[in-house]
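Visitor: For reference, the structure I am asking about is given below.
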Amino acid sequence: MKKITFYITICFFIVILSYSPVAAYNLAEAVDRGLEANLNIKAQELGIEEAEQGKLHAYGNFLPTMSIMYQDTNLENDQDTTVLNNDYLSQNRVTERMSLSQPIFTGFYGISSVAKAKYMLKYQKAELVNNKGRIAYDIRRQFIQYLKMQDDAVRIEASVERLKKQLAASQAFYERQMAPKLHVMQAEVALARARQNLDQVKTGQENARITLNQLLALDIQQPVKYSGTLAEMDYSLQEMLAEYLQNAKVRPDVEEARLNIKISEMEKVRIRSQNLPKINFDASYNRSDTEYDNPGYPDEDTAYWSTMLTVSMQLFHGGQTIASSMQQET
């Protein structure tokens with residue numbers, strides 16, 4: 001008896017621990033859940049961060065670059081007596097170099113790069129808003145479809161029960177020869193059609209539930225209760241037709257397309273800037289300390305500054321600049 005009680009207690013605790021409440025969402029909660037859990041939205045949010053870093057990267061085209069070099073060379077030559085060039089005598093040379101390069105004019109490449117990066121950031125934000133709107137729309141549409149199927153199922157189930165009673169009455173009248181066989185057959189056909197419609201509605205409701213689970217990033221097999229009724233929905237229009245038409249001009253997808261054109265325009269400027277003159281200023285500090293193994297050669301220690309102003313222009317690039325520019329124009 002104690003063993004039976006023990007096993008019953010263990011089974012009871014297993015059932016309690018394995019029980020998980022069924023998730024429930026109304027329309028607003030379903031939309032919030034879908035927007036929060038959608039992986040595409042999370043990826044686009046990371047895309048916005050990437051675009052912000054891209055804007056900072058574009059500003060770097062205007063800033064100077066610096067480099068530092070340190071080199072320690074040890075050269076051993078077995079024929080020092082026959083060498084006429086001091087660079088090949090046995091020696092130890094330490095070379096230090098620090099250089100700075102400042103672009104002065106880059107053929108509008110830097111300006112167009114910054115403008116393109118700004119448009120890319122705006123594009124990513126518009127794409128995120130547009131994607132959120134599409135996901136919210138899909139969730140609302142499927143949710144309303146689910147509620148409609150739910151109401152249809154209740155209505156058809158009531159009709160099935162009514163037709164069952166009509167069929168029973170028709171059979172009773174036929175058995176008492178108070179009605180023809182045709183009435184029974186008509187009642188059977190009506191009941192069969194109602195049952196078929198009920199199966200179709202339940203199938204549609206299950207498909208809507210599976211689609212909702214996918215939109216909410218839930219397992220399709222997970223039981224979820226989607227609560228609400230069509231009677232609770234507000235179907236009234238909040239604005240006049242002219243206001244809706246005005247709002248349609250600034251829709252996220254329209255803004256996304258407009259920004260895409262701007263990005264292509266800035267890319268065209270960047271490409272054409274390759275054939276424009278470029279001016280660059282360079283400065284460097286160089287120091288070289290050489291110690292010869294042969295005492296007959298004095299050690300060398302040199303240090304100097306150098307500055308250079310470079311003006312360059314690329315005249316022909318194999319037709320790639322023209323083709324790329326025409327591609328962006330298209």
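Labels used: A, B, ... for chains in the order of the structure tokens, numbers from 1 for residues in each chain, and numbers from 1 for ligands as shown.
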Need the shell around Lys55 in chain A: protein/DNA/RNA residues with any atom at most 9 Å away, counting only C-alpha atoms. Skip same-chain ones fewer than 2 positions apart. Format as a list in words?
Guide: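 Counting only C-alpha atoms, the residues come to Glu50, Ala51, Glu52, Gln53, His57, Ala58, Tyr59, Gly60, Ser113, Val114, Ala115, Lys116, Ala117, Lys118, Met120 and Leu121 of chain A.
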Visitor: Could you give me, as a list in words, the residues within 12 Å of Arg251 in chain A, counting only C-alpha atoms and dropping anything in the same chain fewer than 6 positions from it?
Guide: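 So, after excluding close chain neighbours, the residues are Ala126, Glu127, Val129, Asn130, Asn131, Gly133, Arg134, Tyr244, Leu245, Ala257 and Arg258 of chain A.
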Visitor: Extract, using only C-alpha atoms, all DNA, RNA and protein residues at most 8 Å from Arg97 in chain A, discarding same-chain residues fewer than 3 positions from it, and format them as a ChimeraX atom specification.
Guide: /A:68-70,284-287
Visitor: For N, CA, C and O atoms, I'd like the residues from the last selection saved as a compact mmCIF listing (two decimals), in the first residue's frame.
Guide:
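Heads up, here's the output in result_15.txt:
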```txt
# COMPACT_ATOMS: atom_id res chain seq x y z
N ILE A 68 53.63 54.80 -38.30
CA ILE A 68 54.93 54.76 -37.62
C ILE A 68 55.62 53.46 -38.02
O ILE A 68 54.98 52.39 -38.03
N MET A 69 56.90 53.53 -38.34
CA MET A 69 57.66 52.35 -38.75
C MET A 69 58.98 52.31 -37.97
O MET A 69 59.68 53.32 -37.84
N TYR A 70 59.31 51.15 -37.47
CA TYR A 70 60.59 50.94 -36.78
C TYR A 70 61.21 49.67 -37.37
O TYR A 70 60.55 48.61 -37.42
N SER A 284 56.70 63.65 -43.58
CA SER A 284 57.32 62.49 -42.92
C SER A 284 58.60 62.91 -42.21
O SER A 284 59.28 63.85 -42.61
N TYR A 285 58.90 62.19 -41.14
CA TYR A 285 60.14 62.37 -40.39
C TYR A 285 60.89 61.05 -40.47
O TYR A 285 60.34 59.97 -40.17
N ASN A 286 62.16 61.10 -40.89
CA ASN A 286 62.97 59.89 -41.09
C ASN A 286 64.26 59.99 -40.28
O ASN A 286 64.91 61.05 -40.27
N ARG A 287 64.62 58.91 -39.62
CA ARG A 287 65.87 58.86 -38.86
C ARG A 287 66.51 57.50 -39.08
O ARG A 287 65.83 56.46 -39.03
```
Visitor: So, counting only C-alpha atoms, which residue among A:Leu89, A:Ile48, A:Val224, A:Met66 is closest to Pro295 in chain A?
Guide: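 Smallest distance to Pro295 in chain A is found for A:Leu89.
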Visitor: As a PyMOL selection string, please: every residue in range 95-307 of chain A that DSSP puts in helix (DSSP H, G or I).
Guide: chain A and resi 109-175+181-215+230-232+241-248+252-275
Visitor: Which one is closest to Asp152 in chain A: A:Thr290, A:Gln171, A:Asn197, A:Gln71? Count only C-alpha atoms.
Guide: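 Nearest to Asp152 in chain A: A:Asn197.
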